[in-house]
file structure-v8.cif (mmCIF, C-alpha atoms and all ligand atoms)
data_structure
#
loop_
_atom_site.group_PDB
_atom_site.id
_atom_site.type_symbol
_atom_site.label_atom_id
_atom_site.label_comp_id
_atom_site.auth_asym_id
_atom_site.auth_seq_id
_atom_site.Cartn_x
_atom_site.Cartn_y
_atom_site.Cartn_z
ATOM 1 C CA MET A 1 -97.918 -121.571 -16.986
ATOM 2 C CA LYS A 2 -100.729 -120.415 -19.306
ATOM 3 C CA LYS A 3 -102.606 -117.135 -18.741
ATOM 4 C CA ASP A 4 -105.810 -118.937 -17.678
ATOM 5 C CA LEU A 5 -106.749 -122.053 -15.702
ATOM 6 C CA LEU A 6 -109.822 -123.476 -17.441
ATOM 7 C CA SER A 7 -108.915 -127.150 -17.171
ATOM 8 C CA ILE A 8 -106.432 -129.300 -15.263
ATOM 9 C CA ALA A 9 -105.156 -130.201 -18.737
ATOM 10 C CA ASP A 10 -103.819 -126.598 -18.929
ATOM 11 C CA LEU A 11 -101.149 -127.652 -16.414
ATOM 12 C CA ASN A 12 -98.239 -130.030 -16.560
ATOM 13 C CA ARG A 13 -96.953 -132.214 -13.766
ATOM 14 C CA ARG A 14 -94.187 -129.787 -12.751
ATOM 15 C CA GLU A 15 -96.645 -126.899 -12.488
ATOM 16 C CA ILE A 16 -99.025 -128.966 -10.332
ATOM 17 C CA GLU A 17 -96.192 -130.004 -8.008
ATOM 18 C CA GLY A 18 -95.003 -126.384 -7.815
ATOM 19 C CA LEU A 19 -98.455 -125.171 -6.777
ATOM 20 C CA ILE A 20 -98.714 -127.847 -4.091
ATOM 21 C CA GLU A 21 -95.290 -127.025 -2.722
ATOM 22 C CA ARG A 22 -96.046 -123.283 -2.648
ATOM 23 C CA ALA A 23 -99.418 -123.879 -0.981
ATOM 24 C CA ARG A 24 -97.753 -125.952 1.744
ATOM 25 C CA ARG A 25 -95.325 -123.133 2.478
ATOM 26 C CA MET A 26 -98.182 -120.621 2.504
ATOM 27 C CA LYS A 27 -99.763 -122.352 5.467
ATOM 28 C CA LYS A 28 -96.808 -121.191 7.557
ATOM 29 C CA GLU A 29 -96.724 -117.644 6.147
ATOM 30 C CA GLY A 30 -100.168 -116.351 7.235
ATOM 31 C CA MET A 31 -100.974 -112.810 6.068
ATOM 32 C CA THR A 32 -98.754 -111.277 3.348
ATOM 33 C CA ARG A 33 -98.857 -108.253 1.013
ATOM 34 C CA LEU A 34 -97.912 -110.283 -2.079
ATOM 35 C CA LEU A 35 -101.091 -109.324 -3.958
ATOM 36 C CA SER A 36 -101.312 -105.787 -2.626
ATOM 37 C CA GLY A 37 -103.208 -103.582 -5.104
ATOM 38 C CA LYS A 38 -104.623 -106.587 -7.015
ATOM 39 C CA THR A 39 -108.338 -107.249 -7.434
ATOM 40 C CA LEU A 40 -110.128 -110.467 -8.357
ATOM 41 C CA ALA A 41 -113.684 -110.478 -9.763
ATOM 42 C CA LEU A 42 -115.801 -113.479 -8.778
ATOM 43 C CA LEU A 43 -118.320 -113.972 -11.556
ATOM 44 C CA PHE A 44 -120.766 -116.693 -10.479
ATOM 45 C CA GLU A 45 -123.722 -118.226 -12.340
ATOM 46 C CA LYS A 46 -124.316 -120.842 -9.617
ATOM 47 C CA PRO A 47 -124.358 -120.846 -5.795
ATOM 48 C CA SER A 48 -121.228 -121.490 -3.726
ATOM 49 C CA LEU A 49 -119.956 -121.586 -0.151
ATOM 50 C CA ARG A 50 -116.383 -122.897 -0.270
ATOM 51 C CA THR A 51 -115.252 -121.505 -3.616
ATOM 52 C CA ARG A 52 -116.508 -118.002 -3.019
ATOM 53 C CA VAL A 53 -115.275 -117.698 0.564
ATOM 54 C CA SER A 54 -111.898 -119.355 -0.095
ATOM 55 C CA PHE A 55 -111.178 -117.115 -3.104
ATOM 56 C CA GLU A 56 -112.207 -114.006 -1.166
ATOM 57 C CA MET A 57 -110.031 -115.023 1.799
ATOM 58 C CA ALA A 58 -107.151 -115.962 -0.521
ATOM 59 C CA MET A 59 -107.114 -112.395 -1.864
ATOM 60 C CA HIS A 60 -107.611 -110.833 1.581
ATOM 61 C CA GLN A 61 -104.798 -112.829 3.202
ATOM 62 C CA GLN A 62 -102.381 -111.636 0.509
ATOM 63 C CA GLY A 63 -103.308 -107.958 0.776
ATOM 64 C CA GLY A 64 -105.574 -107.988 -2.290
ATOM 65 C CA HIS A 65 -109.243 -107.351 -2.835
ATOM 66 C CA SER A 66 -112.171 -109.238 -4.386
ATOM 67 C CA ILE A 67 -115.536 -108.271 -5.858
ATOM 68 C CA TYR A 68 -118.361 -110.828 -5.903
ATOM 69 C CA LEU A 69 -120.741 -110.521 -8.859
ATOM 70 C CA SER A 70 -123.922 -112.543 -8.477
ATOM 71 C CA PRO A 71 -125.849 -114.058 -11.410
ATOM 72 C CA GLU A 72 -128.652 -111.489 -11.023
ATOM 73 C CA GLU A 73 -126.250 -108.562 -11.169
ATOM 74 C CA VAL A 74 -124.328 -109.399 -14.315
ATOM 75 C CA GLY A 75 -126.641 -111.628 -16.317
ATOM 76 C CA LEU A 76 -123.838 -113.363 -18.237
ATOM 77 C CA GLY A 77 -124.957 -113.613 -21.873
ATOM 78 C CA LYS A 78 -128.389 -112.213 -21.010
ATOM 79 C CA ARG A 79 -128.051 -108.607 -19.888
ATOM 80 C CA GLU A 80 -124.751 -108.345 -21.756
ATOM 81 C CA SER A 81 -122.684 -110.626 -23.963
ATOM 82 C CA THR A 82 -119.978 -112.724 -22.302
ATOM 83 C CA ALA A 83 -117.372 -111.235 -24.653
ATOM 84 C CA ASP A 84 -118.283 -107.660 -23.695
ATOM 85 C CA ILE A 85 -118.304 -108.505 -19.976
ATOM 86 C CA ALA A 86 -114.801 -109.981 -20.344
ATOM 87 C CA ARG A 87 -113.521 -106.855 -22.097
ATOM 88 C CA VAL A 88 -115.071 -104.502 -19.541
ATOM 89 C CA LEU A 89 -113.870 -106.437 -16.487
ATOM 90 C CA SER A 90 -110.342 -106.585 -17.942
ATOM 91 C CA ARG A 91 -110.218 -102.773 -17.720
ATOM 92 C CA TYR A 92 -110.919 -102.846 -13.970
ATOM 93 C CA VAL A 93 -109.581 -106.012 -12.345
ATOM 94 C CA ASP A 94 -106.457 -108.198 -12.404
ATOM 95 C CA GLY A 95 -108.187 -111.581 -12.628
ATOM 96 C CA ILE A 96 -111.575 -113.260 -13.012
ATOM 97 C CA ALA A 97 -112.683 -116.427 -11.211
ATOM 98 C CA ALA A 98 -115.840 -117.615 -12.955
ATOM 99 C CA ARG A 99 -118.368 -120.324 -12.038
ATOM 100 C CA THR A 100 -120.429 -121.068 -15.138
ATOM 101 C CA PHE A 101 -122.848 -123.616 -16.484
ATOM 102 C CA SER A 102 -120.952 -124.271 -19.690
ATOM 103 C CA GLN A 103 -117.230 -124.589 -20.298
ATOM 104 C CA GLU A 104 -117.786 -122.649 -23.524
ATOM 105 C CA THR A 105 -118.696 -119.542 -21.484
ATOM 106 C CA LEU A 106 -115.302 -119.826 -19.771
ATOM 107 C CA ARG A 107 -113.545 -120.181 -23.115
ATOM 108 C CA VAL A 108 -115.240 -117.014 -24.408
ATOM 109 C CA LEU A 109 -114.416 -115.138 -21.192
ATOM 110 C CA ALA A 110 -110.769 -116.193 -21.426
ATOM 111 C CA GLY A 111 -110.602 -115.438 -25.136
ATOM 112 C CA TYR A 112 -111.834 -111.869 -24.742
ATOM 113 C CA SER A 113 -110.223 -111.077 -21.402
ATOM 114 C CA SER A 114 -106.721 -109.644 -21.144
ATOM 115 C CA VAL A 115 -106.473 -110.788 -17.496
ATOM 116 C CA PRO A 116 -106.311 -114.403 -16.232
ATOM 117 C CA VAL A 117 -109.570 -116.356 -16.068
ATOM 118 C CA ILE A 118 -109.873 -119.173 -13.499
ATOM 119 C CA ASN A 119 -112.484 -121.932 -13.736
ATOM 120 C CA ALA A 120 -114.289 -121.828 -10.379
ATOM 121 C CA LEU A 121 -116.449 -124.807 -11.543
ATOM 122 C CA SER A 122 -118.195 -125.462 -14.807
ATOM 123 C CA ASP A 123 -120.291 -128.401 -15.971
ATOM 124 C CA LEU A 124 -117.103 -129.929 -17.383
ATOM 125 C CA GLU A 125 -114.436 -129.366 -14.708
ATOM 126 C CA HIS A 126 -113.628 -128.179 -11.212
ATOM 127 C CA PRO A 127 -109.857 -127.725 -11.388
ATOM 128 C CA CYS A 128 -109.399 -125.718 -8.166
ATOM 129 C CA GLN A 129 -111.110 -128.501 -6.235
ATOM 130 C CA ALA A 130 -108.928 -131.216 -7.768
ATOM 131 C CA LEU A 131 -105.683 -129.296 -7.171
ATOM 132 C CA SER A 132 -106.644 -128.654 -3.540
ATOM 133 C CA ASP A 133 -107.462 -132.356 -3.208
ATOM 134 C CA LEU A 134 -103.983 -133.294 -4.426
ATOM 135 C CA LEU A 135 -102.599 -130.999 -1.720
ATOM 136 C CA THR A 136 -104.701 -132.808 0.917
ATOM 137 C CA ILE A 137 -103.627 -136.229 -0.356
ATOM 138 C CA TYR A 138 -99.975 -135.185 -0.385
ATOM 139 C CA GLU A 139 -100.215 -133.909 3.192
ATOM 140 C CA MET A 140 -101.841 -137.122 4.389
ATOM 141 C CA LYS A 141 -99.834 -139.660 2.394
ATOM 142 C CA GLY A 142 -96.509 -137.882 1.809
ATOM 143 C CA LYS A 143 -96.687 -138.689 -1.908
ATOM 144 C CA LEU A 144 -99.016 -138.713 -4.922
ATOM 145 C CA THR A 145 -97.356 -141.093 -7.350
ATOM 146 C CA GLY A 146 -98.247 -144.763 -6.933
ATOM 147 C CA LEU A 147 -101.490 -144.190 -5.006
ATOM 148 C CA THR A 148 -104.957 -145.343 -6.136
ATOM 149 C CA LEU A 149 -108.012 -143.073 -6.090
ATOM 150 C CA ALA A 150 -111.432 -144.735 -6.460
ATOM 151 C CA PHE A 151 -114.246 -142.377 -7.430
ATOM 152 C CA ILE A 152 -117.716 -143.795 -6.692
ATOM 153 C CA GLY A 153 -120.569 -142.016 -8.480
ATOM 154 C CA ASP A 154 -121.233 -139.684 -11.357
ATOM 155 C CA GLY A 155 -118.633 -139.132 -14.111
ATOM 156 C CA ASN A 156 -119.110 -135.384 -13.576
ATOM 157 C CA ASN A 157 -117.052 -132.174 -13.443
ATOM 158 C CA VAL A 158 -115.255 -133.197 -10.233
ATOM 159 C CA ALA A 159 -114.526 -136.693 -11.601
ATOM 160 C CA ASN A 160 -113.151 -135.213 -14.844
ATOM 161 C CA SER A 161 -110.719 -132.900 -13.042
ATOM 162 C CA LEU A 162 -109.650 -135.678 -10.674
ATOM 163 C CA LEU A 163 -109.022 -138.030 -13.601
ATOM 164 C CA PHE A 164 -106.692 -135.466 -15.204
ATOM 165 C CA SER A 165 -104.997 -134.571 -11.909
ATOM 166 C CA ALA A 166 -104.410 -138.167 -10.886
ATOM 167 C CA THR A 167 -103.108 -139.359 -14.232
ATOM 168 C CA LEU A 168 -100.821 -136.330 -14.632
ATOM 169 C CA VAL A 169 -99.063 -137.055 -11.324
ATOM 170 C CA GLY A 170 -98.882 -140.844 -11.702
ATOM 171 C CA MET A 171 -101.833 -141.863 -9.510
ATOM 172 C CA ASP A 172 -104.173 -144.690 -10.558
ATOM 173 C CA PHE A 173 -107.745 -143.539 -11.172
ATOM 174 C CA ARG A 174 -110.812 -145.785 -10.966
ATOM 175 C CA LEU A 175 -114.425 -144.811 -11.560
ATOM 176 C CA ALA A 176 -117.404 -146.942 -10.470
ATOM 177 C CA CYS A 177 -120.690 -145.635 -11.871
ATOM 178 C CA PRO A 178 -123.979 -146.927 -13.272
ATOM 179 C CA PRO A 179 -124.024 -147.449 -17.050
ATOM 180 C CA GLY A 180 -124.731 -144.165 -18.839
ATOM 181 C CA TYR A 181 -123.009 -141.972 -16.228
ATOM 182 C CA GLU A 182 -119.400 -142.600 -17.262
ATOM 183 C CA ILE A 183 -116.816 -139.917 -17.970
ATOM 184 C CA LYS A 184 -117.228 -138.762 -21.605
ATOM 185 C CA GLU A 185 -115.034 -140.520 -24.125
ATOM 186 C CA ALA A 186 -112.906 -137.520 -25.143
ATOM 187 C CA ILE A 187 -112.040 -136.720 -21.496
ATOM 188 C CA LEU A 188 -111.364 -140.372 -20.752
ATOM 189 C CA ASN A 189 -109.042 -140.679 -23.737
ATOM 190 C CA GLN A 190 -107.144 -137.563 -22.656
ATOM 191 C CA GLY A 191 -106.837 -139.030 -19.144
ATOM 192 C CA LYS A 192 -105.534 -142.302 -20.580
ATOM 193 C CA LYS A 193 -102.898 -140.368 -22.546
ATOM 194 C CA PHE A 194 -101.728 -138.662 -19.350
ATOM 195 C CA ALA A 195 -101.733 -142.061 -17.614
ATOM 196 C CA ALA A 196 -99.612 -143.640 -20.334
ATOM 197 C CA ARG A 197 -97.064 -140.831 -19.886
ATOM 198 C CA SER A 198 -96.956 -140.961 -16.072
ATOM 199 C CA GLY A 199 -97.203 -144.758 -15.798
ATOM 200 C CA SER A 200 -100.571 -144.875 -14.023
ATOM 201 C CA GLN A 201 -103.728 -146.898 -14.729
ATOM 202 C CA VAL A 202 -107.335 -145.924 -15.484
ATOM 203 C CA LEU A 203 -110.168 -148.348 -14.685
ATOM 204 C CA LEU A 204 -113.876 -147.965 -15.431
ATOM 205 C CA THR A 205 -116.339 -150.324 -13.770
ATOM 206 C CA SER A 206 -119.954 -150.473 -12.645
ATOM 207 C CA ASP A 207 -118.928 -152.322 -9.449
ATOM 208 C CA PRO A 208 -117.972 -150.131 -6.448
ATOM 209 C CA HIS A 209 -116.426 -153.167 -4.695
ATOM 210 C CA GLU A 210 -114.032 -153.728 -7.591
ATOM 211 C CA ALA A 211 -113.125 -150.023 -7.639
ATOM 212 C CA VAL A 212 -112.239 -149.720 -3.941
ATOM 213 C CA LYS A 213 -110.125 -152.879 -3.640
ATOM 214 C CA ASN A 214 -106.741 -151.759 -2.227
ATOM 215 C CA ALA A 215 -107.601 -148.113 -2.854
ATOM 216 C CA ASP A 216 -105.768 -145.368 -0.929
ATOM 217 C CA ILE A 217 -108.533 -142.824 -1.464
ATOM 218 C CA ILE A 218 -112.294 -143.260 -1.855
ATOM 219 C CA TYR A 219 -113.945 -140.198 -3.309
ATOM 220 C CA THR A 220 -117.564 -139.377 -4.021
ATOM 221 C CA ASP A 221 -119.641 -136.371 -5.049
ATOM 222 C CA VAL A 222 -123.323 -135.487 -5.341
ATOM 223 C CA TRP A 223 -125.517 -137.497 -7.706
ATOM 224 C CA VAL A 224 -127.327 -134.352 -8.886
ATOM 225 C CA SER A 225 -124.990 -131.512 -9.791
ATOM 226 C CA MET A 226 -126.035 -127.876 -9.971
ATOM 227 C CA GLY A 227 -128.062 -127.422 -13.147
ATOM 228 C CA GLN A 228 -129.292 -131.068 -13.237
ATOM 229 C CA GLU A 229 -132.239 -130.565 -10.865
ATOM 230 C CA ALA A 230 -134.760 -131.679 -13.516
ATOM 231 C CA GLU A 231 -133.069 -135.126 -13.617
ATOM 232 C CA ALA A 232 -132.981 -135.504 -9.828
ATOM 233 C CA LYS A 233 -135.492 -138.358 -9.527
ATOM 234 C CA LYS A 234 -133.997 -140.400 -12.343
ATOM 235 C CA ARG A 235 -130.478 -139.898 -11.025
ATOM 236 C CA ARG A 236 -131.351 -140.876 -7.445
ATOM 237 C CA ARG A 237 -132.790 -144.128 -8.808
ATOM 238 C CA ALA A 238 -129.784 -144.827 -11.039
ATOM 239 C CA PHE A 239 -127.250 -144.227 -8.242
ATOM 240 C CA SER A 240 -129.112 -145.957 -5.400
ATOM 241 C CA ASN A 241 -126.522 -148.777 -5.211
ATOM 242 C CA TYR A 242 -123.594 -146.353 -5.201
ATOM 243 C CA GLN A 243 -123.859 -144.899 -1.706
ATOM 244 C CA VAL A 244 -120.521 -144.776 0.120
ATOM 245 C CA ASP A 245 -120.672 -146.142 3.674
ATOM 246 C CA ASP A 246 -118.195 -147.374 6.281
ATOM 247 C CA LYS A 247 -118.479 -150.948 4.982
ATOM 248 C CA LEU A 248 -117.279 -149.847 1.562
ATOM 249 C CA LEU A 249 -114.363 -148.022 3.208
ATOM 250 C CA ASP A 250 -113.524 -151.272 5.054
ATOM 251 C CA LEU A 251 -112.886 -152.967 1.684
ATOM 252 C CA ALA A 252 -110.097 -150.529 0.797
ATOM 253 C CA LYS A 253 -106.655 -150.178 2.436
ATOM 254 C CA ARG A 254 -106.669 -149.847 6.219
ATOM 255 C CA ASP A 255 -105.432 -146.245 6.009
ATOM 256 C CA VAL A 256 -107.849 -145.232 3.232
ATOM 257 C CA LEU A 257 -108.905 -141.563 3.066
ATOM 258 C CA PHE A 258 -112.520 -140.665 2.414
ATOM 259 C CA MET A 259 -112.957 -137.509 0.329
ATOM 260 C CA HIS A 260 -115.880 -135.390 -0.895
ATOM 261 C CA PRO A 261 -115.789 -131.844 -2.317
ATOM 262 C CA LEU A 262 -118.971 -130.853 -0.380
ATOM 263 C CA PRO A 263 -121.798 -129.947 -0.204
ATOM 264 C CA ALA A 264 -122.744 -133.518 0.816
ATOM 265 C CA HIS A 265 -126.190 -135.039 0.824
ATOM 266 C CA HIS A 266 -126.391 -137.271 3.868
ATOM 267 C CA GLY A 267 -128.393 -140.397 3.102
ATOM 268 C CA GLU A 268 -127.804 -140.069 -0.659
ATOM 269 C CA GLU A 269 -124.235 -140.423 -1.958
ATOM 270 C CA ILE A 270 -122.960 -140.894 1.622
ATOM 271 C CA TYR A 271 -124.343 -142.848 4.540
ATOM 272 C CA ALA A 272 -125.463 -140.370 7.205
ATOM 273 C CA GLY A 273 -122.605 -139.812 9.632
ATOM 274 C CA LEU A 274 -119.802 -140.759 7.250
ATOM 275 C CA LEU A 275 -118.231 -137.297 7.441
ATOM 276 C CA ASP A 276 -117.467 -138.047 11.110
ATOM 277 C CA ASP A 277 -115.686 -141.328 10.329
ATOM 278 C CA PRO A 278 -111.995 -141.027 11.364
ATOM 279 C CA ARG A 279 -111.046 -141.818 7.761
ATOM 280 C CA SER A 280 -112.883 -138.752 6.452
ATOM 281 C CA VAL A 281 -110.722 -135.738 5.497
ATOM 282 C CA VAL A 282 -113.477 -133.640 3.936
ATOM 283 C CA PHE A 283 -112.931 -130.572 6.115
ATOM 284 C CA ASP A 284 -109.189 -130.641 5.450
ATOM 285 C CA GLN A 285 -110.116 -130.635 1.775
ATOM 286 C CA ALA A 286 -112.311 -127.583 2.304
ATOM 287 C CA GLU A 287 -109.515 -125.768 4.191
ATOM 288 C CA ASN A 288 -107.006 -126.560 1.478
ATOM 289 C CA ARG A 289 -109.125 -124.773 -1.126
ATOM 290 C CA LEU A 290 -107.883 -121.563 0.511
ATOM 291 C CA GLN A 291 -104.221 -122.556 0.559
ATOM 292 C CA LEU A 292 -104.045 -123.901 -2.970
ATOM 293 C CA GLN A 293 -105.933 -120.934 -4.431
ATOM 294 C CA LYS A 294 -103.565 -118.546 -2.637
ATOM 295 C CA ALA A 295 -100.688 -120.185 -4.515
ATOM 296 C CA LEU A 296 -102.652 -120.166 -7.781
ATOM 297 C CA LEU A 297 -103.602 -116.483 -7.502
ATOM 298 C CA LEU A 298 -100.028 -115.559 -6.680
ATOM 299 C CA LYS A 299 -98.885 -117.394 -9.777
ATOM 300 C CA LEU A 300 -101.498 -115.982 -12.164
ATOM 301 C CA LEU A 301 -102.003 -112.448 -10.833
ATOM 302 C CA SER A 302 -98.522 -111.399 -9.813
ATOM 303 C CA ASN A 303 -96.379 -113.107 -12.440
ATOM 304 C CA ARG A 304 -94.239 -114.403 -9.589
ATOM 305 C CA LYS A 305 -92.379 -117.653 -10.022
ATOM 306 C CA VAL A 306 -94.176 -120.375 -8.043
ATOM 307 C CA SER A 307 -91.681 -123.147 -7.682
ATOM 308 C CA GLY A 308 -91.263 -125.853 -5.134
ATOM 309 C CA LYS A 309 -87.521 -125.986 -5.695
HETATM 310 N N1 LIG B 401 -116.656 -127.762 -3.282
HETATM 311 C C1 LIG B 401 -117.176 -126.611 -3.710
HETATM 312 O O1 LIG B 401 -116.827 -126.103 -4.786
HETATM 313 O O2 LIG B 401 -118.098 -126.031 -2.890
HETATM 314 P P1 LIG B 401 -119.008 -124.781 -3.240
HETATM 315 O O3 LIG B 401 -119.948 -125.204 -4.354
HETATM 316 O O4 LIG B 401 -119.723 -124.459 -1.967
HETATM 317 O O5 LIG B 401 -118.131 -123.659 -3.703
HETATM 318 N N1 LIG B 402 -120.606 -131.821 -9.006
HETATM 319 C C1 LIG B 402 -121.026 -130.784 -8.100
HETATM 320 C C2 LIG B 402 -119.846 -130.196 -7.413
HETATM 321 C C3 LIG B 402 -120.161 -129.139 -6.399
HETATM 322 C C4 LIG B 402 -118.930 -128.583 -5.752
HETATM 323 C C5 LIG B 402 -121.799 -129.725 -8.874
HETATM 324 O O1 LIG B 402 -121.387 -129.373 -9.984
HETATM 325 O O2 LIG B 402 -122.826 -129.266 -8.381
#

call {"tool": "encode", "arguments": {"input": "structure-v8.cif", "output": "structure tokens"}}
result
Amino acid sequence: MKKDLLSIADLNRREIEGLIERARRMKKEGMTRLLSGKTLALLFEKPSLRTRVSFEMAMHQQGGHSIYLSPEEVGLGKRESTADIARVLSRYVDGIAARTFSQETLRVLAGYSSVPVINALSDLEHPCQALSDLLTIYEMKGKLTGLTLAFIGDGNNVANSLLFSATLVGMDFRLACPPGYEIKEAILNQGKKFAARSGSQVLLTSDPHEAVKNADIIYTDVWVSMGQEAEAKKRRRAFSNYQVDDKLLDLAKRDVLFMHPLPAHHGEEIYAGLLDDPRSVVFDQAENRLQLQKALLLKLLSNRKVSGK
């Protein structure tokens, strides 16, 4: 595995399966000392509930330590250059989990840092979310290959990482979005290459009904991501026909899973109350952030072999 995790495309299928297998075993292990003496810096430019708490708990439960650095404190690229911050932090800590506006900031951090850098969400990708979601799907369905995931909404960071994750493990990926909000061409082409290798399919449509037909998983995310607040009105108008409700779930397979990375906006991308539908697994997804990141940190920070075999 590479030093950093900036994109799902940094991983291959075997590495993804190894992380899932290790995370599943970790659920049974509870507290360990496997990262004793290790420290993770959490360098965040945007707010967070799940990512921050799950990374902090992932270090704590393995005997390690974490330091949260808020945007005001560090001033990435403002108070100090990103390159200098990376070089300074590398002298103190064993890893950096960074939540940034641009993917380029992550690339600079990783380039100048001698310790692993983990993408804790950027405008381009959310790899820790997508890997945790694969863990949830595997637990619920007993497999990944051959399933169909229908993403309804914005071709955003979460959609990009899910496209890569699905197509790497042989899962069909469909996106239903209004024209102009598709996944960017370069990402889509990369996803199609992964799909060609794993034997899965990629479908882009503007029709949510077409996307969810026979789907095993229906997934949605916010219409206005962090940093897009100025476009909020325009986006809410563009996505108004893309709300996921129980009737849309009824059009998929009987045992369809409903997924959302959270935070959710009730009455926008989801019909109010949908999180309580028996088909919703959103809180299992949130829990699995902790388990998957424990496996990831063990792999990147301790140089231990993480293998499912
Ligand atoms: N899903 C997720 O990343 O949540 P937070 O933004 O609260 O970390
Ligand atoms: N697309 C959302 C995901 C939040 C976890 C955002 O970037 O704000």

call {"tool": "axis_aligned_box", "arguments": {"input": "structure-v8.cif", "around": "ligand LIG 402 (chain B)", "padding_each_side": "4 Å", "output": "lines of an AutoDock Vina configuration file"}}
result
center_x = -120.9
center_y = -130.2
center_z = -7.9
size_x = 11.9
size_y = 11.2
size_z = 12.2

call {"tool": "resolve_selection", "arguments": {"input": "structure-v8.cif", "expression": "the PyMOL selection byres (((chain A and resi 264) around 12) and not hetatm)", "output": "list in words"}}
result
Tyr219, Thr220, Asp221, Val222, Trp223, Val224, Ser225, Gln243, Val244, Met259, His260, Pro261, Leu262, Pro263, His265, His266, Gly267, Glu268, Glu269, Ile270, Tyr271, Ala272, Gly273, Leu274, Leu275, Val282 and Phe283 of chain A

call {"tool": "write_last_selection", "arguments": {"input": "structure-v8.cif", "atoms": "C-alpha atoms", "output": "JSON list (two decimals), keeping the file's coordinate frame"}}
result
[["chain", "number", "residue", "atom", "x", "y", "z"],
["A", 219, "TYR", "CA", -113.94, -140.20, -3.31],
["A", 220, "THR", "CA", -117.56, -139.38, -4.02],
["A", 221, "ASP", "CA", -119.64, -136.37, -5.05],
["A", 222, "VAL", "CA", -123.32, -135.49, -5.34],
["A", 223, "TRP", "CA", -125.52, -137.50, -7.71],
["A", 224, "VAL", "CA", -127.33, -134.35, -8.89],
["A", 225, "SER", "CA", -124.99, -131.51, -9.79],
["A", 243, "GLN", "CA", -123.86, -144.90, -1.71],
["A", 244, "VAL", "CA", -120.52, -144.78, 0.12],
["A", 259, "MET", "CA", -112.96, -137.51, 0.33],
["A", 260, "HIS", "CA", -115.88, -135.39, -0.90],
["A", 261, "PRO", "CA", -115.79, -131.84, -2.32],
["A", 262, "LEU", "CA", -118.97, -130.85, -0.38],
["A", 263, "PRO", "CA", -121.80, -129.95, -0.20],
["A", 265, "HIS", "CA", -126.19, -135.04, 0.82],
["A", 266, "HIS", "CA", -126.39, -137.27, 3.87],
["A", 267, "GLY", "CA", -128.39, -140.40, 3.10],
["A", 268, "GLU", "CA", -127.80, -140.07, -0.66],
["A", 269, "GLU", "CA", -124.24, -140.42, -1.96],
["A", 270, "ILE", "CA", -122.96, -140.89, 1.62],
["A", 271, "TYR", "CA", -124.34, -142.85, 4.54],
["A", 272, "ALA", "CA", -125.46, -140.37, 7.20],
["A", 273, "GLY", "CA", -122.60, -139.81, 9.63],
["A", 274, "LEU", "CA", -119.80, -140.76, 7.25],
["A", 275, "LEU", "CA", -118.23, -137.30, 7.44],
["A", 282, "VAL", "CA", -113.48, -133.64, 3.94],
["A", 283, "PHE", "CA", -112.93, -130.57, 6.12]]

call {"tool": "atom_distance", "arguments": {"input": "structure-v8.cif", "atom1": "CA of Thr205 (chain A)", "atom2": "CA of Phe151 (chain A)"}}
result
10.4 Å

call {"tool": "residues_near_ligand", "arguments": {"input": "structure-v8.cif", "ligand": "ligand LIG 401 (chain B)", "cutoff": "7 Å", "atoms": "all atoms listed in the file", "output": "PyMOL selection string"}}
result
chain A and resi 47-52+121+129+261-263

call {"tool": "resolve_selection", "arguments": {"input": "structure-v8.cif", "expression": "the PyMOL selection byres (((chain A and resi 279) around 7) and not hetatm)", "output": "PyMOL selection string"}}
result
chain A and resi 256-258+277-278+280-281
